[in-house]
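Here the structure is laid out as structure tokens; the discussion comes afterwards.
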Amino acid sequence: MKALGISGSPRIDGNTMLITRHALNAMAEEGIQTELLSLSGLSILGCNSCLACKDEERCVLEDDLMPVYEKMKAADGIIISTPVYFGSATALVKGLMERTGFIVRNNRGTFRGKVGGPLVVARRGGLTFTLAQMNFWFQTLEFYMTGVPRWNIAVGNAKGAVADDREGMEGAWTLGKNLAFLMKAVHMAGG
């Protein structure tokens with residue numbers, strides 16, 4: 001079984017990648033094969049609602065989305081993480097969610113039955129809104145999700161500061177452990 005962690009921060013090796021790696025390490029400890037993918041440096045446009053993806057399982061916009069989509073499609077579990085920018089997920093993450101969402105919904109629920117969850121990092125505000133925004137995406141695409149006692153959020157500003165948020169790091173670790181458990185349960189059930 002394979003889990004894909006997608007860091008949606010334009011900054012490479014920042015707090016978002018750190019916490020995503022932490023959750024993936026928890027999954028690896030449970031025997032799950034993991035891959036960490038950064039969206040930093042990629043071009044992922046927002047959806048223009050042309051609905052061309054109804055005709056074939058791809059987006060007609062020419063950018064870096066489709067290789068990411070193929071990795072998502074191949075994974076059994078997906079974590080998407082984002083920092084909060086102006087009270088919301090980054091443009092990279094919003095473009096990823098919009099366009100993969102349309103592709104999946106227009107093509108028989110390609111992600112139905114996958115396991116997934118979000119991680120959100122911020123300096124201050126916008127954490128709960130962004131978490132809800134991402135939870136809606138996972139839910140509407142019929143992912144199996146799991147709870148986390150302290151939510152899937154962490155606070156940190158300077159590079160590496162999120163490591164000082166004990167509750168945030170514990171939440172990410174628990175998310176990884178719970179997703180690994182759920183992936184195994186889904187696999188055993190024949191999903």
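Ordering of the structure tokens sets the chain letters (A, B, ...), residue numbers begin anew at 1 in every chain, and ligands are numbered from 1 in the order given.
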Shell of 10 Å around Met72 in chain A, only C-alpha atoms, local chain residues under 2 positions omitted, as a list in words: Ala3, Leu4, Gly5, Ile6, Met66, Pro67, Val68, Tyr69, Glu70, Ala74, Ala75, Asp76, Gly77, Ile78, Ile79, Thr100, Thr110, Phe111 and Lys114 of chain A
Could those selected residues go to a file with N, CA and C atoms, as a PDB file, in the first residue's frame?
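Writing the result to selection_3.pdb gives the following:
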```pdb
ATOM      1  N   ALA A   3       1.122   5.589   0.233  1.00  0.00           N
ATOM      2  CA  ALA A   3       0.552   6.880   0.609  1.00  0.00           C
ATOM      3  C   ALA A   3       1.354   7.991  -0.049  1.00  0.00           C
ATOM      4  N   LEU A   4       0.643   8.982  -0.541  1.00  0.00           N
ATOM      5  CA  LEU A   4       1.258  10.151  -1.159  1.00  0.00           C
ATOM      6  C   LEU A   4       0.972  11.365  -0.287  1.00  0.00           C
ATOM      7  N   GLY A   5       2.022  12.038   0.136  1.00  0.00           N
ATOM      8  CA  GLY A   5       1.883  13.293   0.867  1.00  0.00           C
ATOM      9  C   GLY A   5       2.199  14.431  -0.078  1.00  0.00           C
ATOM     10  N   ILE A   6       1.269  15.366  -0.219  1.00  0.00           N
ATOM     11  CA  ILE A   6       1.445  16.496  -1.130  1.00  0.00           C
ATOM     12  C   ILE A   6       1.571  17.763  -0.307  1.00  0.00           C
ATOM     13  N   MET A  66      -1.419  17.102 -14.441  1.00  0.00           N
ATOM     14  CA  MET A  66      -1.689  15.697 -14.772  1.00  0.00           C
ATOM     15  C   MET A  66      -0.674  14.706 -14.185  1.00  0.00           C
ATOM     16  N   PRO A  67       0.631  14.998 -14.161  1.00  0.00           N
ATOM     17  CA  PRO A  67       1.540  14.061 -13.483  1.00  0.00           C
ATOM     18  C   PRO A  67       1.228  13.916 -11.984  1.00  0.00           C
ATOM     19  N   VAL A  68       0.802  15.011 -11.348  1.00  0.00           N
ATOM     20  CA  VAL A  68       0.410  14.945  -9.936  1.00  0.00           C
ATOM     21  C   VAL A  68      -0.857  14.102  -9.804  1.00  0.00           C
ATOM     22  N   TYR A  69      -1.821  14.325 -10.690  1.00  0.00           N
ATOM     23  CA  TYR A  69      -3.064  13.555 -10.670  1.00  0.00           C
ATOM     24  C   TYR A  69      -2.789  12.056 -10.815  1.00  0.00           C
ATOM     25  N   GLU A  70      -1.882  11.695 -11.705  1.00  0.00           N
ATOM     26  CA  GLU A  70      -1.562  10.281 -11.908  1.00  0.00           C
ATOM     27  C   GLU A  70      -0.958   9.666 -10.648  1.00  0.00           C
ATOM     28  N   ALA A  74      -2.659   6.641  -8.359  1.00  0.00           N
ATOM     29  CA  ALA A  74      -1.936   5.413  -8.042  1.00  0.00           C
ATOM     30  C   ALA A  74      -1.824   5.151  -6.541  1.00  0.00           C
ATOM     31  N   ALA A  75      -2.035   6.169  -5.724  1.00  0.00           N
ATOM     32  CA  ALA A  75      -1.889   6.031  -4.270  1.00  0.00           C
ATOM     33  C   ALA A  75      -3.152   5.453  -3.636  1.00  0.00           C
ATOM     34  N   ASP A  76      -2.953   4.725  -2.544  1.00  0.00           N
ATOM     35  CA  ASP A  76      -4.076   4.216  -1.755  1.00  0.00           C
ATOM     36  C   ASP A  76      -4.521   5.244  -0.719  1.00  0.00           C
ATOM     37  N   GLY A  77      -3.583   6.074  -0.290  1.00  0.00           N
ATOM     38  CA  GLY A  77      -3.865   7.111   0.694  1.00  0.00           C
ATOM     39  C   GLY A  77      -3.212   8.413   0.285  1.00  0.00           C
ATOM     40  N   ILE A  78      -3.867   9.528   0.603  1.00  0.00           N
ATOM     41  CA  ILE A  78      -3.360  10.846   0.206  1.00  0.00           C
ATOM     42  C   ILE A  78      -3.487  11.814   1.374  1.00  0.00           C
ATOM     43  N   ILE A  79      -2.400  12.506   1.661  1.00  0.00           N
ATOM     44  CA  ILE A  79      -2.417  13.646   2.574  1.00  0.00           C
ATOM     45  C   ILE A  79      -2.115  14.870   1.727  1.00  0.00           C
ATOM     46  N   THR A 100      -8.640  18.440  -9.912  1.00  0.00           N
ATOM     47  CA  THR A 100      -8.760  16.999  -9.672  1.00  0.00           C
ATOM     48  C   THR A 100     -10.191  16.666  -9.269  1.00  0.00           C
ATOM     49  N   THR A 110     -13.115   8.437  -9.409  1.00  0.00           N
ATOM     50  CA  THR A 110     -11.805   7.785  -9.444  1.00  0.00           C
ATOM     51  C   THR A 110     -11.173   7.630  -8.062  1.00  0.00           C
ATOM     52  N   PHE A 111     -11.439   8.559  -7.143  1.00  0.00           N
ATOM     53  CA  PHE A 111     -10.812   8.505  -5.818  1.00  0.00           C
ATOM     54  C   PHE A 111     -11.701   7.824  -4.778  1.00  0.00           C
ATOM     55  N   LYS A 114     -10.512   5.722  -1.545  1.00  0.00           N
ATOM     56  CA  LYS A 114      -9.155   6.007  -1.093  1.00  0.00           C
ATOM     57  C   LYS A 114      -9.242   6.561   0.328  1.00  0.00           C
TER      58      LYS A 114
END
```
Apply DSSP to the structure's backbone, then extract all residues of range 29-74 of chain A labelled strand (DSSP E) and return them as a list of chain:residue names.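 Listing strand (DSSP E) positions across range 29-74 of chain A yields A:Gln33, A:Thr34, A:Glu35, A:Leu36, A:Leu37, A:Ser38.
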DSSP-assigned alpha helix (DSSP H) among range 1-143 of chain A, expressed as a PyMOL selection string: chain A and resi 15-29+65-74+91-105+127-140
In terms of the shortest atom-to-atom distance over only C-alpha atoms, which of A:Ile44, A:Lys73, A:Pro83, A:Met188 is closest to Ser9 in chain A?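 Closest residue, counting only C-alpha atoms: A:Pro83.
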Write out as a ChimeraX atom specification the residues lying within 12 Å of Asn178 in chain A, counting only C-alpha atoms and excluding same-chain residues fewer than 2 positions away. /A:23-24,26-27,29-30,32,77,79,115-117,144-149,152,170-176,180-185
Restricting the calculation to only C-alpha atoms, which member of A:Val84, A:Lys2, A:Asn157, A:Thr16 is positioned closest to Gly31 in chain A?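 Nearest candidate to Gly31 in chain A out of A:Val84, A:Lys2, A:Asn157, A:Thr16: A:Lys2.
The coordinates place CA of Thr82 in chain A at 6.3 Å from CA of Val121 in chain A.
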Near Leu39 in chain A, within 9 Å and counting only C-alpha atoms, which residues show up once chain neighbours fewer than 6 positions away are dropped, as a PyMOL selection string? chain A and resi 6-12+68+92-93
Env of Cys47 in chain A: 10 Å cut, atoms = only C-alpha atoms, seq-sep filter 6 positions within chain, self excluded. Answer as a list in words. Cys59, Leu61, Lys94, Gly95, Leu96, Met97, Glu98, Arg99, Thr100, Gly101 and Phe102 of chain A
Have a look at CA of Ile153 in chain A and CA of Ser81 in chain A and let me know their distance in Å, one decimal. 9.6 Å
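With only C-alpha atoms as the atoms that count, the minimum distance from Val104 in chain A to the choices A:Glu142, A:Glu167, A:Glu35, A:Asp63 is reached by A:Glu142.
The residue that comes closest to Arg108 in chain A, out of A:Leu141, A:Leu179, A:Ala154, A:Leu18 and on the basis of only C-alpha atoms, is A:Leu141.
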Would you compute the distance between CA of Lys159 in chain A and CA of Ile19 in chain A? Give it in Å to one decimal.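 Between CA of Lys159 in chain A and CA of Ile19 in chain A the gap works out to 11.6 Å.
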Surrounding residues of Ala52 in chain A excluding itself and chain neighbours under 3 positions, 10 Å, only C-alpha atoms, as a count of residues only: 11
One residue among A:Leu51, A:Ala28, A:Leu131, A:Leu119 is nearest to Asn15 in chain A when using only C-alpha atoms, and that residue is A:Leu119
Choose the residue, out of A:Thr34, A:Met17, A:Thr128, A:Lys177, that has the smallest atom-to-atom separation from Met1 in chain A; count only C-alpha atoms.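 Closest candidate: A:Thr34.
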